[in-house]
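Trainee: Enclosed is the structure file my_file_4.cif (mmCIF, C-alpha atoms).
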data_final
loop_
_atom_site.label_atom_id
_atom_site.label_comp_id
_atom_site.auth_asym_id
_atom_site.auth_seq_id
_atom_site.Cartn_x
_atom_site.Cartn_y
_atom_site.Cartn_z
CA MET A 1 -2.08 18.29 55.49
CA ALA A 2 1.35 18.13 57.15
CA THR A 3 4.32 18.53 54.84
CA SER A 4 7.21 17.39 57.06
CA LEU A 5 7.76 13.67 57.50
CA LEU A 6 7.11 12.19 60.92
CA GLU A 7 9.91 9.74 61.73
CA ILE A 8 8.91 6.31 63.03
CA ASP A 9 11.51 3.94 64.45
CA GLY A 10 10.65 0.44 63.23
CA SER A 11 12.88 -1.20 65.85
CA VAL A 12 11.03 -0.05 68.98
CA LEU A 13 9.32 -2.54 71.29
CA GLU A 14 7.87 -5.37 69.16
CA GLY A 15 10.04 -4.21 66.26
CA GLY A 16 8.11 -6.07 63.55
CA GLY A 17 5.60 -5.58 60.76
CA GLN A 18 2.93 -4.32 63.14
CA ILE A 19 4.71 -0.95 63.30
CA LEU A 20 4.47 -0.64 59.53
CA ARG A 21 0.77 -1.54 59.49
CA ILE A 22 -0.30 0.90 62.19
CA SER A 23 1.97 3.71 60.97
CA THR A 24 0.81 3.49 57.37
CA ALA A 25 -2.89 3.28 58.23
CA LEU A 26 -2.69 6.25 60.59
CA SER A 27 -0.58 8.19 58.10
CA CYS A 28 -3.36 7.73 55.58
CA LEU A 29 -6.08 8.80 58.03
CA THR A 30 -4.30 11.83 59.49
CA ARG A 31 -2.78 12.88 56.15
CA GLN A 32 0.61 12.90 57.90
CA PRO A 33 3.56 11.85 55.69
CA ILE A 34 5.88 9.44 57.47
CA THR A 35 9.25 7.80 57.15
CA VAL A 36 9.73 4.43 58.83
CA TYR A 37 13.32 3.32 59.40
CA ASN A 38 14.90 0.23 60.98
CA ILE A 39 12.01 -1.75 59.47
CA ARG A 40 11.53 -5.12 61.20
CA ALA A 41 14.92 -4.67 62.84
CA SER A 42 14.26 -7.35 65.46
CA ARG A 43 13.55 -10.08 62.91
CA SER A 44 16.03 -12.64 61.58
CA ASN A 45 15.28 -11.38 58.05
CA PRO A 46 14.85 -7.62 58.60
CA GLY A 47 13.32 -5.25 56.09
CA LEU A 48 10.18 -5.52 54.00
CA ARG A 49 8.93 -8.98 53.09
CA PRO A 50 6.49 -9.48 50.20
CA GLN A 51 3.37 -9.37 52.39
CA HIS A 52 4.47 -6.11 54.08
CA LEU A 53 5.17 -4.52 50.71
CA LYS A 54 1.76 -5.59 49.37
CA GLY A 55 0.08 -4.07 52.40
CA LEU A 56 1.86 -0.76 51.87
CA GLU A 57 0.97 -0.79 48.19
CA LEU A 58 -2.67 -1.55 48.99
CA VAL A 59 -2.92 1.44 51.33
CA ALA A 60 -1.15 3.64 48.77
CA ASP A 61 -3.78 2.60 46.20
CA ILE A 62 -6.68 3.34 48.54
CA CYS A 63 -5.45 6.81 49.49
CA ASP A 64 -3.77 7.70 46.20
CA GLY A 65 -0.50 7.88 48.12
CA GLU A 66 3.14 7.79 47.11
CA LEU A 67 5.42 5.08 48.48
CA LYS A 68 9.19 5.47 48.31
CA GLY A 69 11.57 2.64 49.20
CA GLY A 70 8.95 0.04 48.39
CA THR A 71 11.15 -2.96 47.55
CA VAL A 72 11.52 -6.34 49.25
CA GLY A 73 14.32 -6.09 51.81
CA SER A 74 14.10 -2.32 52.18
CA ARG A 75 14.67 -1.10 55.74
CA LEU A 76 13.40 2.43 55.14
CA ILE A 77 10.25 3.70 53.46
CA GLN A 78 8.64 7.08 53.00
CA PHE A 79 4.88 7.35 52.62
CA PHE A 80 2.97 10.39 51.38
CA PRO A 81 -0.82 9.95 51.71
CA SER A 82 -3.48 11.77 49.74
CA LYS A 83 -7.26 11.52 49.44
CA ILE A 84 -8.97 8.22 50.32
CA LYS A 85 -10.84 6.83 47.33
CA PRO A 86 -13.66 4.28 47.43
CA GLY A 87 -13.61 1.49 44.89
CA ASN A 88 -12.52 -2.10 44.35
CA TYR A 89 -8.91 -2.94 45.20
CA SER A 90 -6.81 -6.08 45.10
CA ALA A 91 -3.61 -7.37 46.66
CA ASP A 92 -1.84 -10.69 46.18
CA THR A 93 1.14 -11.69 48.32
CA GLN A 94 1.87 -14.52 45.82
CA THR A 95 3.00 -16.43 48.93
CA ALA A 96 1.31 -17.88 52.02
CA GLY A 97 1.67 -14.45 53.65
CA SER A 98 -1.28 -13.63 55.88
CA ILE A 99 -4.41 -12.26 54.25
CA CYS A 100 -5.55 -11.03 57.66
CA LEU A 101 -2.52 -8.80 58.08
CA LEU A 102 -3.17 -7.24 54.67
CA ILE A 103 -6.76 -6.56 55.68
CA GLN A 104 -5.59 -5.11 59.00
CA VAL A 105 -3.47 -2.41 57.36
CA ALA A 106 -6.08 -1.43 54.75
CA MET A 107 -9.39 -1.63 56.62
CA PRO A 108 -8.93 1.49 58.80
CA CYS A 109 -8.44 3.56 55.64
CA ALA A 110 -11.71 2.22 54.24
CA TRP A 111 -13.64 3.37 57.32
CA PHE A 112 -13.05 6.96 56.26
CA ALA A 113 -13.91 6.77 52.56
CA ASN A 114 -17.09 8.38 51.20
CA SER A 115 -18.65 5.10 50.03
CA PRO A 116 -17.94 1.38 50.44
CA VAL A 117 -14.46 0.02 49.74
CA GLU A 118 -14.10 -3.51 48.38
CA MET A 119 -10.90 -5.54 48.55
CA THR A 120 -9.94 -8.87 47.01
CA VAL A 121 -6.96 -10.16 48.98
CA LYS A 122 -4.94 -13.26 48.12
CA GLY A 123 -2.42 -15.24 50.15
CA GLY A 124 -2.62 -17.43 53.25
CA THR A 125 -5.92 -17.63 55.11
CA ASN A 126 -4.55 -19.61 58.06
CA ALA A 127 -0.92 -18.67 58.60
CA GLU A 128 1.55 -18.88 61.46
CA MET A 129 2.34 -15.69 63.41
CA ALA A 130 -0.96 -14.08 62.34
CA PRO A 131 -4.68 -14.35 63.13
CA GLN A 132 -6.56 -17.03 61.22
CA ILE A 133 -9.19 -15.61 58.86
CA ASP A 134 -11.74 -17.32 61.10
CA TYR A 135 -10.67 -15.05 63.95
CA MET A 136 -11.66 -12.06 61.85
CA THR A 137 -15.10 -13.50 61.07
CA MET A 138 -15.82 -15.08 64.47
CA VAL A 139 -14.33 -12.51 66.87
CA PHE A 140 -13.07 -9.24 65.36
CA LYS A 141 -16.12 -8.57 63.17
CA ASP A 142 -18.56 -8.88 66.05
CA VAL A 143 -16.58 -6.82 68.56
CA VAL A 144 -15.86 -3.86 66.26
CA LYS A 145 -19.60 -3.42 65.69
CA ARG A 146 -19.54 -1.72 69.09
CA PHE A 147 -17.37 1.00 67.54
CA GLY A 148 -19.90 1.36 64.71
CA ILE A 149 -17.75 -0.58 62.21
CA GLU A 150 -19.46 -2.87 59.68
CA PHE A 151 -17.81 -5.11 57.11
CA ASP A 152 -18.52 -8.32 55.21
CA CYS A 153 -15.91 -11.02 54.69
CA ASP A 154 -16.40 -13.71 52.03
CA ILE A 155 -13.81 -16.52 52.17
CA ARG A 156 -13.79 -17.63 48.56
CA ARG A 157 -10.87 -20.03 48.83
CA ARG A 158 -8.59 -21.18 51.64
CA GLY A 159 -4.83 -21.11 51.16
CA TYR A 160 -2.21 -22.84 53.28
CA PHE A 161 1.56 -22.84 53.71
CA PRO A 162 3.71 -22.93 51.61
CA LYS A 163 1.66 -22.17 48.49
CA GLY A 164 -0.92 -19.72 49.78
CA GLY A 165 -3.48 -19.25 47.02
CA GLY A 166 -6.32 -18.27 49.34
CA GLU A 167 -8.74 -15.53 48.35
CA VAL A 168 -10.94 -13.36 50.56
CA PHE A 169 -13.34 -10.64 49.45
CA VAL A 170 -13.97 -7.85 51.96
CA SER A 171 -16.52 -5.05 51.72
CA VAL A 172 -16.14 -2.21 54.23
CA GLN A 173 -18.77 0.39 55.05
CA PRO A 174 -17.54 3.93 55.80
CA VAL A 175 -18.44 5.69 59.06
CA PRO A 176 -18.88 9.39 59.94
CA PHE A 177 -16.75 8.78 63.05
CA ILE A 178 -15.81 5.92 65.36
CA LYS A 179 -17.84 5.49 68.53
CA PRO A 180 -16.01 5.08 71.84
CA ILE A 181 -16.73 1.92 73.80
CA ILE A 182 -16.79 0.79 77.41
CA LEU A 183 -15.88 -2.88 77.60
CA THR A 184 -15.36 -3.70 81.26
CA ASP A 185 -18.10 -6.22 82.12
CA ARG A 186 -17.13 -9.68 80.87
CA GLY A 187 -20.25 -11.40 82.12
CA GLU A 188 -20.42 -15.19 82.22
CA VAL A 189 -19.38 -17.61 79.51
CA CYS A 190 -22.62 -18.82 77.93
CA SER A 191 -21.48 -20.75 74.85
CA ILE A 192 -18.36 -21.99 73.08
CA THR A 193 -18.20 -22.58 69.36
CA GLY A 194 -15.36 -23.48 67.07
CA ARG A 195 -14.07 -24.83 63.82
CA ALA A 196 -11.67 -27.78 63.41
CA PHE A 197 -10.57 -28.28 59.81
CA VAL A 198 -8.44 -30.31 57.46
CA ALA A 199 -7.65 -29.60 53.81
CA GLY A 200 -5.84 -31.36 50.98
CA VAL A 201 -4.75 -34.96 51.54
CA LEU A 202 -5.23 -34.86 55.32
CA PRO A 203 -7.98 -37.16 56.66
CA ARG A 204 -11.14 -35.90 58.32
CA LYS A 205 -10.37 -37.87 61.48
CA ILE A 206 -7.65 -35.33 62.36
CA ALA A 207 -10.30 -32.60 62.57
CA SER A 208 -12.61 -34.91 64.53
CA THR A 209 -9.82 -35.65 67.00
CA MET A 210 -9.07 -31.95 67.46
CA ALA A 211 -12.73 -31.13 68.07
CA ARG A 212 -13.12 -33.94 70.59
CA GLU A 213 -9.92 -33.17 72.51
CA ALA A 214 -10.59 -29.42 72.66
CA THR A 215 -14.11 -30.07 73.90
CA ASN A 216 -12.85 -32.40 76.64
CA THR A 217 -10.20 -29.92 77.79
CA ILE A 218 -12.62 -27.00 77.95
CA ARG A 219 -15.30 -29.07 79.74
CA GLU A 220 -12.91 -29.65 82.64
CA ILE A 221 -13.26 -25.94 83.47
CA TYR A 222 -16.69 -25.18 81.97
CA PRO A 223 -18.69 -28.41 82.43
CA ASP A 224 -22.10 -26.80 82.00
CA VAL A 225 -21.43 -24.52 79.02
CA PRO A 226 -22.66 -25.75 75.60
CA ILE A 227 -19.74 -26.49 73.28
CA ASN A 228 -20.18 -26.91 69.53
CA ILE A 229 -17.02 -27.29 67.44
CA GLU A 230 -17.70 -27.82 63.74
CA VAL A 231 -15.64 -30.51 62.00
CA VAL A 232 -14.75 -29.49 58.44
CA GLN A 233 -12.98 -31.25 55.57
CA GLU A 234 -12.37 -28.61 52.90
CA SER A 235 -13.40 -29.62 49.39
CA PRO A 236 -10.57 -29.61 46.81
CA HIS A 237 -11.96 -26.58 44.94
CA ALA A 238 -12.30 -24.57 48.18
CA ALA A 239 -8.70 -24.82 49.36
CA VAL A 240 -5.14 -24.78 48.04
CA GLY A 241 -2.60 -27.06 49.71
CA ASN A 242 -2.65 -29.18 52.85
CA GLY A 243 -3.63 -27.63 56.14
CA THR A 244 -5.18 -28.33 59.50
CA GLY A 245 -6.06 -26.28 62.54
CA ILE A 246 -8.67 -25.27 65.06
CA ILE A 247 -10.20 -22.16 66.57
CA VAL A 248 -12.45 -22.09 69.65
CA VAL A 249 -14.45 -19.00 70.64
CA ALA A 250 -16.20 -18.26 73.92
CA GLU A 251 -19.18 -15.89 73.95
CA THR A 252 -20.33 -14.29 77.18
CA THR A 253 -23.64 -13.01 78.49
CA THR A 254 -22.52 -9.42 77.79
CA GLY A 255 -21.54 -10.20 74.17
CA CYS A 256 -17.79 -10.44 74.64
CA ARG A 257 -15.89 -12.88 72.45
CA LEU A 258 -12.52 -14.43 73.32
CA ALA A 259 -10.67 -17.12 71.40
CA GLY A 260 -7.87 -19.63 71.25
CA SER A 261 -6.44 -21.19 68.10
CA ALA A 262 -3.66 -23.36 66.76
CA LEU A 263 -2.46 -24.73 63.43
CA GLY A 264 -1.31 -28.27 62.79
CA LYS A 265 2.35 -28.94 61.98
CA LYS A 266 4.28 -31.89 60.68
CA ASN A 267 4.96 -34.47 63.41
CA VAL A 268 2.68 -32.69 65.91
CA ARG A 269 -0.23 -34.81 67.10
CA ALA A 270 -3.78 -33.56 66.62
CA GLU A 271 -4.35 -33.89 70.36
CA LYS A 272 -1.59 -31.38 71.11
CA VAL A 273 -2.88 -28.90 68.53
CA ALA A 274 -6.35 -29.11 70.10
CA ASN A 275 -5.05 -28.70 73.63
CA ASP A 276 -2.91 -25.72 72.62
CA ALA A 277 -5.99 -23.96 71.25
CA ALA A 278 -8.21 -24.93 74.19
CA ASN A 279 -5.64 -23.85 76.77
CA MET A 280 -5.10 -20.57 74.97
CA LEU A 281 -8.84 -19.91 75.27
CA LEU A 282 -8.90 -20.92 78.94
CA ASN A 283 -5.92 -18.67 79.69
CA ASN A 284 -7.66 -15.79 77.95
CA LEU A 285 -10.75 -16.37 80.09
CA GLU A 286 -8.87 -16.73 83.38
CA HIS A 287 -7.94 -13.05 83.78
CA GLY A 288 -11.55 -11.90 83.69
CA GLY A 289 -11.01 -9.36 80.93
CA CYS A 290 -13.31 -8.68 77.99
CA VAL A 291 -10.81 -9.22 75.17
CA ASP A 292 -8.20 -11.87 74.44
CA GLU A 293 -4.50 -11.27 73.87
CA TYR A 294 -4.92 -10.95 70.08
CA LEU A 295 -7.88 -8.58 70.02
CA GLN A 296 -6.21 -6.37 72.60
CA ASP A 297 -3.72 -4.71 70.23
CA GLN A 298 -6.12 -4.65 67.27
CA LEU A 299 -8.48 -2.31 69.14
CA ILE A 300 -5.83 0.32 69.93
CA ILE A 301 -6.17 2.12 66.59
CA LEU A 302 -9.97 2.27 67.04
CA MET A 303 -9.61 3.70 70.55
CA ALA A 304 -7.15 6.32 69.30
CA LEU A 305 -9.49 7.51 66.55
CA ALA A 306 -12.78 7.31 68.49
CA LYS A 307 -14.91 10.32 69.34
CA GLY A 308 -14.72 10.13 73.13
CA LYS A 309 -13.16 8.05 75.87
CA SER A 310 -12.90 4.28 75.51
CA THR A 311 -12.13 1.84 78.30
CA ILE A 312 -11.33 -1.84 77.80
CA GLN A 313 -10.54 -4.44 80.47
CA SER A 314 -8.05 -7.07 79.38
CA GLY A 315 -5.44 -9.48 80.61
CA ALA A 316 -1.73 -8.70 80.82
CA ILE A 317 -0.66 -6.05 78.30
CA THR A 318 1.17 -7.70 75.42
CA LEU A 319 4.24 -6.32 73.69
CA HIS A 320 2.13 -5.91 70.55
CA THR A 321 -0.31 -3.75 72.50
CA GLU A 322 2.50 -1.66 74.01
CA THR A 323 3.81 -1.12 70.49
CA ALA A 324 0.39 -0.21 69.11
CA ILE A 325 -0.12 2.35 71.90
CA HIS A 326 3.33 3.83 71.30
CA ILE A 327 2.81 4.29 67.56
CA ALA A 328 -0.82 5.43 67.81
CA SER A 329 0.11 8.01 70.43
CA GLN A 330 3.03 9.27 68.36
CA ILE A 331 0.98 9.81 65.20
CA THR A 332 -2.42 10.89 66.59
CA ASN A 333 -1.47 12.38 70.00
CA ALA A 334 -4.27 10.32 71.54
CA LYS A 335 -3.78 9.87 75.29
CA PHE A 336 -3.62 6.32 76.64
CA VAL A 337 -3.53 5.21 80.27
CA VAL A 338 -2.93 1.59 81.32
CA LYS A 339 -3.50 0.52 84.91
CA GLU A 340 -3.86 -2.72 86.83
CA VAL A 341 -7.23 -3.33 88.43
CA ALA A 342 -8.51 -5.32 91.40
CA GLY A 343 -9.79 -8.80 90.65
CA PRO A 344 -8.14 -11.76 88.96
CA ALA A 345 -4.36 -11.50 88.77
CA GLY A 346 -3.09 -9.83 85.63
CA SER A 347 -6.21 -7.80 84.82
CA PHE A 348 -5.72 -4.32 83.34
CA LEU A 349 -7.73 -1.36 82.11
CA ILE A 350 -6.72 0.37 78.88
CA GLU A 351 -8.17 3.88 78.68
CA CYS A 352 -7.93 6.28 75.78
CA ASP A 353 -9.22 9.76 75.04
CA GLY A 354 -9.64 9.41 71.29
CA ILE A 355 -9.00 12.26 68.86
CA GLY A 356 -12.53 12.09 67.39
CA LEU A 357 -11.45 11.82 63.78
CA VAL A 358 -14.33 12.89 61.54
CA ASN A 359 -14.87 11.48 58.06
CA SER A 360 -14.53 14.62 55.97
CA PHE A 361 -15.41 12.71 52.81
CA LEU A 362 -18.98 11.82 53.86
#
How does this structure look as structure tokens?
Mentor:
Amino acid sequence: MATSLLEIDGSVLEGGGQILRISTALSCLTRQPITVYNIRASRSNPGLRPQHLKGLELVADICDGELKGGTVGSRLIQFFPSKIKPGNYSADTQTAGSICLLIQVAMPCAWFANSPVEMTVKGGTNAEMAPQIDYMTMVFKDVVKRFGIEFDCDIRRRGYFPKGGGEVFVSVQPVPFIKPIILTDRGEVCSITGRAFVAGVLPRKIASTMAREATNTIREIYPDVPINIEVVQESPHAAVGNGTGIIVVAETTTGCRLAGSALGKKNVRAEKVANDAANMLLNNLEHGGCVDEYLQDQLIILMALAKGKSTIQSGAITLHTETAIHIASQITNAKFVVKEVAGPAGSFLIECDGIGLVNSFL
């Protein structure tokens, strides 16, 4: 285990909470102590927010680590990881902070335990500036199976802005190592599914309108593909607060999954919310890549750790992905190459020779 602290600049590139999440997870896995400074420097309210702090504390619990500087508003933290421990853990943002982002920081640590890790995470299930929990269950879960990753995700209660109050139970199976993947053949779109929902006092017709409008928009481009968007009105005991939104997911003949989503806002018509989600999906399909703009950066940590060379074809490289590559390369020394490829405009290959991290606890 390294004794000197690796310094991570939290202001580089995307300059947000993503740097904290990737740095802390990889610190845990490589047993490399880190210091992260200039935390969230590019944000209007820089420093740790409650959800970032809870994520750090969750990882510290899982790997019996020591966190210094762990206070809301702190712009510098030091993290000293130790041995990953299986067990049942919990984290509660006590806000509408994203449950998905808490899971994102902790799940990689659980892959390298010696037995299953269970987490009960509370906060917002469908939050702005973060993946909806449905993205994790409908897209992320299926795609990471290719890396050999298995987890279960039980949405026990939905929670919406501003109260939060959602609760998700996650059980993660450990792996001996992460398999590399080749994801370069998108295939043809064969089905589109989705979920349009309302919760609280909002009427079911809002969800029905979103499902109908999204279907109509997608059919203009994919007239022959079956589309099935579920219309859901959350029961009062299954959700906290008022919320509405939609996610639409395309599956291809080669098993790729790409999505578009949007959340409802005050004074924004349901038709616009639906069209925003549908057009996001269509834009993600237009470039011919195998992953959408949100999955793109989430796979970087897997590619860096994998035992072998991974190649993924995607659309234009997002700032989040550039940031993930920068941090993953700095901590693991994995080698990434990004290059534009022939075909639809804005199509790229992301290649990585992973470090082949082996689970020493199994």
Trainee: Could you pull the residues within 6 Å of segment 316-322 of chain A, counting all atoms listed in the file, minus those fewer than 5 positions along the same chain, as a PyMOL selection string?
Mentor: chain A and resi 14+297+346
Trainee: For segment 16-27 of chain A, please output as a list in words all residues within 6 Å (counting all atoms listed in the file; exclusion window: fewer than 3 positions along the same chain).
Mentor: Thr30, Arg31, Gln32, Arg40 and Val105 of chain A
Trainee: For Pro33 of chain A, which residue among A:Ile99, A:Ile246, A:Val12, A:Ile331 is the nearest when counting only C-alpha atoms?
Mentor: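 Residue with the minimum atom-to-atom distance to Pro33 of chain A: A:Ile331.
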Trainee: Using only C-alpha atoms, can you list as a list in words the residues within 8 Å of (-9.0, -9.2, 68.9)?
Mentor: Tyr135, Val139, Phe140, Val143, Leu258, Val291, Asp292, Glu293, Tyr294, Leu295, Gln296, Asp297, Gln298 and Leu299 of chain A
Trainee: Show which residues sit within 8 Å of Ala96 of chain A, as a PyMOL selection string. Count only C-alpha atoms, and ignore same-chain residues fewer than 4 positions away.
Mentor: chain A and resi 123-125+127+159-165
Trainee: Save out the residues we just selected, C-alpha atoms, as a compact mmCIF listing (two decimals), in the coordinates of the input.
Mentor:
# COMPACT_ATOMS: atom_id res chain seq x y z
CA GLY A 123 -2.42 -15.24 50.15
CA GLY A 124 -2.62 -17.43 53.25
CA THR A 125 -5.92 -17.63 55.11
CA ALA A 127 -0.92 -18.67 58.60
CA GLY A 159 -4.83 -21.11 51.16
CA TYR A 160 -2.21 -22.84 53.28
CA PHE A 161 1.56 -22.84 53.71
CA PRO A 162 3.71 -22.93 51.61
CA LYS A 163 1.66 -22.17 48.49
CA GLY A 164 -0.92 -19.72 49.78
CA GLY A 165 -3.48 -19.25 47.02
Trainee: Got a sec to check which residues sit within 9 Å of (-18.7, -27.2, 69.6), counting only C-alpha atoms, and write them as a PDB file with C-alpha atoms, keeping the file's coordinate frame?
Mentor:
ATOM      1  CA  SER A 191     -21.480 -20.750  74.850  1.00  0.00           C
ATOM      2  CA  ILE A 192     -18.360 -21.990  73.080  1.00  0.00           C
ATOM      3  CA  THR A 193     -18.200 -22.580  69.360  1.00  0.00           C
ATOM      4  CA  GLY A 194     -15.360 -23.480  67.070  1.00  0.00           C
ATOM      5  CA  ARG A 195     -14.070 -24.830  63.820  1.00  0.00           C
ATOM      6  CA  ALA A 211     -12.730 -31.130  68.070  1.00  0.00           C
ATOM      7  CA  ARG A 212     -13.120 -33.940  70.590  1.00  0.00           C
ATOM      8  CA  ALA A 214     -10.590 -29.420  72.660  1.00  0.00           C
ATOM      9  CA  THR A 215     -14.110 -30.070  73.900  1.00  0.00           C
ATOM     10  CA  PRO A 226     -22.660 -25.750  75.600  1.00  0.00           C
ATOM     11  CA  ILE A 227     -19.740 -26.490  73.280  1.00  0.00           C
ATOM     12  CA  ASN A 228     -20.180 -26.910  69.530  1.00  0.00           C
ATOM     13  CA  ILE A 229     -17.020 -27.290  67.440  1.00  0.00           C
ATOM     14  CA  GLU A 230     -17.700 -27.820  63.740  1.00  0.00           C
ATOM     15  CA  VAL A 231     -15.640 -30.510  62.000  1.00  0.00           C
ATOM     16  CA  VAL A 248     -12.450 -22.090  69.650  1.00  0.00           C
TER      17      VAL A 248
END
Trainee: Compile the contact shell of Asn114 of chain A as a list in words: residues with an atom at most 10 Å away, counting all atoms listed in the file, same-chain residues fewer than 4 positions apart removed.
Mentor: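 Skipping anything fewer than 4 positions along the chain leaves Ile84, Lys85, Pro86, Gly87, Ala110, Gln173, Pro174, Val175, Pro176, Asn359, Ser360, Phe361 and Leu362 of chain A.
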Trainee: Would you kindly return, as an NGL selection string, each protein, DNA or RNA residue with an atom no farther than 9 Å from any atom of Leu48 of chain A, considering all atoms listed in the file and excluding same-chain residues fewer than 3 positions away?
Mentor: :A and (17 or 39-40 or 45 or 51-53 or 70-76)
Trainee: To test your reading of the syntax: which residues would the PyMOL selection byres ((chain A and resi 197-202) around 7) return for the file shown? Reply as a count of residues only.
Mentor: 17
Trainee: What would the selection look like, as JSON, numbers by chain, if the PyMOL selection byres ((chain A and resi 309) around 8) were run on the coordinates I just shared?
Mentor: {"A": [180, 181, 303, 306, 307, 308, 310, 311, 351, 352, 353, 354]}
Trainee: If I take atom CA of Ser98 of chain A and atom CA of Phe336 of chain A, how far is one from the other in Å, to one decimal?
Mentor: 28.9 Å
Trainee: Using the chain letters and numbering of this document, enumerate as a list in words the residues selected by the PyMOL selection byres ((chain A and resi 271-273) around 9).
Mentor: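 On the file shown, the PyMOL selection byres ((chain A and resi 271-273) around 9) covers Ile206, Thr209, Met210, Arg212, Glu213, Ala214, Gly245, Ile246, Ser261, Ala262, Leu263, Gly264, Lys265, Val268, Arg269, Ala270, Ala274, Asn275, Asp276, Ala277 and Ala278 of chain A.
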Trainee: Figure out the distance between atom CA of Val121 of chain A and atom CA of Ile62 of chain A, please, to one decimal in Å.
Mentor: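 Value for the atom CA of Ile62 of chain A-atom CA of Val121 of chain A distance: 13.5 Å.
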Trainee: Take atom CA of Gly166 of chain A and atom CA of Lys205 of chain A and report the distance between them in Å, one decimal.
Mentor: 23.4 Å
Trainee: Select, from A:Ser171, A:Thr323, A:Asn216, A:Asn283, the residue with the minimum atom-to-atom distance to Ala259 of chain A, counting only C-alpha atoms.
Mentor: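 Closest candidate: A:Asn283.
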Trainee: Which one of A:Glu118, A:Asp61, A:Asp9, A:Glu167 sits closest to Asp92 of chain A if you count all atoms listed in the file?
Mentor: A:Glu167
Trainee: Smallest atom-to-atom distance to Leu56 of chain A: which of A:Ala106, A:Ile312, A:Cys256, A:Cys290, using all atoms listed in the file?
Mentor: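 Looking only at the distances to Leu56 of chain A, the closest residue turns out to be A:Ala106.
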Trainee: Select, from A:Glu251, A:Glu220, A:Glu7, A:Asp185, the residue with the minimum atom-to-atom distance to Ser314 of chain A, counting all atoms listed in the file.
Mentor: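 So, comparing all the options, the nearest one is A:Asp185.
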Trainee: So for segment 268-287 of chain A, what box centre and size do we get, axis-aligned, 4 Å extra on each of the six sides, every listed atom, Å to one decimal, as JSON?
Mentor:
{"center_x": -4.0, "center_y": -23.9, "center_z": 74.8, "size_x": 21.4, "size_y": 29.8, "size_z": 25.9}
Trainee: Taking into account only C-alpha atoms, which residue in the set A:Asn333, A:Leu6, A:Pro46, A:Met119 is nearest to Cys100 of chain A?
Mentor: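 Under the stated criterion, the closest residue is A:Met119.
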